[in-house]
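What follows is a set of notes on a single structure, which appears directly below.
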Protein chains: 2
Amino acid sequence: MSGLPIYRTAIEPEWIDYNGHVRDAYYGLIVSYAVDSLMDRIGLDARYRKQSGCTLYTVEMHTHFLREVGAKDTVEVRVRVLGADPKRIHAALELACDGREETAATCEVMLVHVRQTPTVRTTPFPEQVAAAIAALRRATEALPPSGPPSRRMELISR
Amino acid sequence: MSGLPIYRTAIEPEWIDYNGHVRDAYYGLIVSYAVDSLMDRIGLDARYRKQSGCTLYTVEMHTHFLREVGAKDTVEVRVRVLGADPKRIHAALELACDGREETAATCEVMLVHVRQTPTVRTTPFPEQVAAAIAALRRATEALPPSGPPSRRMELISR
């Protein structure tokens, strides 16, 4: 796994589906919580959101499901910042289970900074937040991925 | 919206996050339930899964979040089959809220048919299931999408 450790979680019983392992959508929930943790780290925490009326919206998410995650697993998430501009973050997240080498999932998200009132509009990050994002990008963008990146999906007939 | 109506749901209170609307991951849960409904329709239902030991695994999911979904919305999901081979389905799902024209999200999934025991292995669809997939593909693959397709994510510096 590659990137900054940003979030850890045990598996909730209701995340297990009829296939006997974590349902696809709950990999997404783990990613979503990891993004919350990333927001805390770069200064977009609950206090900032309340004071500013600003927050992050996810506009795009692409996940590759590589390994099953079971009821007794603990998942660690690492993050890399692949790109950023004054209003957006392009981040890669990787999930792995404690005690297992293989990456369980790779995910990319595109996040946009918005002001929610009076109507939702994109708005630049505050200076300190932009600096924190830039520092995290410098520290992680060149790290090698441990799984496939986002792509245009297609099924080549065989 | 475009495609075969396959699933409808109200919004559960726990799907709403601190931004005041449905959390990104729960769009994925709605998609996941819609895929369950698709499985029932093409003959991969609970009875088949129990008798055969076979099921579908999601190997990839790409979502574009286009509109907020609120606590009082009811979401309808439509599906198009974009491609299929003896073991795989490439499907597009679109989400929209009752009473609103705009598509709330578009999603693509890649689904693989597997036998889970003794170890997980891909395996061809039964003939009747393959026929049902082919029929659904013929009926939907040429329908126009109402939002963006999957793509390689990137952030062009501006």
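Identifiers in this document derive from the order of the structure tokens: chains are assigned A, B, ..., residues are numbered from 1 separately in each chain, and ligands are numbered from 1 in order of occurrence.
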For this session: Identify, on the basis of only C-alpha atoms, every residue whose closest approach to A:Ala92 does not exceed 9 Å; exclude the query and any residue fewer than 3 positions from it along the same chain; express the result as a VMD selection string.
Result: chain A and resid 3 78 to 82 106 to 109 145 149
Written file, previous selection with N, CA and C atoms, as a CSV table (one decimal), in the first residue's frame:
```
chain,number,residue,atom,x,y,z
A,3,GLY,N,1.0,5.6,0.2
A,3,GLY,CA,0.3,6.9,0.6
A,3,GLY,C,0.3,7.1,2.1
A,78,ARG,N,-5.1,4.5,2.9
A,78,ARG,CA,-4.0,5.4,2.7
A,78,ARG,C,-4.4,6.4,1.5
A,79,VAL,N,-3.9,7.6,1.6
A,79,VAL,CA,-4.3,8.5,0.6
A,79,VAL,C,-3.1,9.2,-0.1
A,80,ARG,N,-3.2,9.4,-1.4
A,80,ARG,CA,-2.3,10.2,-2.2
A,80,ARG,C,-3.0,11.3,-2.8
A,81,VAL,N,-2.4,12.5,-2.9
A,81,VAL,CA,-3.0,13.6,-3.6
A,81,VAL,C,-2.4,13.7,-5.0
A,82,LEU,N,-3.2,13.3,-6.0
A,82,LEU,CA,-2.7,13.2,-7.4
A,82,LEU,C,-2.7,14.6,-8.1
A,106,THR,N,-8.7,-0.1,-4.8
A,106,THR,CA,-8.2,1.3,-5.1
A,106,THR,C,-9.3,2.1,-5.5
A,107,CYS,N,-9.2,3.4,-5.2
A,107,CYS,CA,-10.3,4.3,-5.5
A,107,CYS,C,-9.7,5.7,-5.8
A,108,GLU,N,-10.4,6.4,-6.7
A,108,GLU,CA,-10.0,7.8,-7.0
A,108,GLU,C,-11.3,8.6,-6.8
A,109,VAL,N,-11.1,9.8,-6.2
A,109,VAL,CA,-12.2,10.7,-6.0
A,109,VAL,C,-11.8,12.1,-6.5
A,145,PRO,N,1.4,3.7,-7.2
A,145,PRO,CA,0.1,3.1,-6.8
A,145,PRO,C,0.2,1.6,-6.6
A,149,PRO,N,-5.6,2.4,-11.8
A,149,PRO,CA,-6.2,3.8,-11.7
A,149,PRO,C,-7.6,3.8,-12.3
```
Exercise. Mind listing as a VMD selection string which residues of chain A are within 7 Å of chain B, counting only C-alpha atoms?
Worked result: chain A and resid 24 to 25 28 to 29 32 58 to 66 83 85 90 150 to 153 155 157
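Atom CA of A:Arg137 to atom CA of A:Arg115 spans 23.4 Å [interatomic distance, one decimal].
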Exercise. Could you write out, as number ranges by chain, all the residues of stretch 20-128 of chain B that DSSP marks as alpha helix (DSSP H)?
Worked result: B: 24-42, 46-52, 127-128
Exercise. In chain B, what's strand (DSSP E) per DSSP? Answer as a ChimeraX atom specification?
Worked result: /B:4-10,54-65,74-84,88-97,103-115,121-122
Problem set entry | Separation of atom CA of A:Arg138 from atom CA of A:Phe125 in Å | 17.4 Å
For this session: Mind checking which residues fall within 12 Å of A:Glu101, counting only C-alpha atoms, ignoring those fewer than 5 positions away in the same chain, and posting them as a PyMOL selection string?
Result: chain A and resi 1-2+67+75-76+95-96+146
Problem set entry | Proximity to A:Glu94 - best of A:Ala132, A:Lys72, A:Ile16, A:Pro144, only C-alpha atoms |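 Using only C-alpha atoms, the shortest distance to A:Glu94 belongs to A:Pro144.
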Exercise. Which is closer to B:Ile11 than all the others in B:Cys97, B:Ala34, B:Leu44, B:Ala131, using only C-alpha atoms?
Worked result: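 The answer is B:Cys97, which sits nearest to B:Ile11.
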Exercise. What is the distance between atom CA of A:Val22 and atom CA of B:Ser37, in Å to one decimal?
Worked result: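 Between atom CA of A:Val22 and atom CA of B:Ser37 the gap is 18.2 Å.
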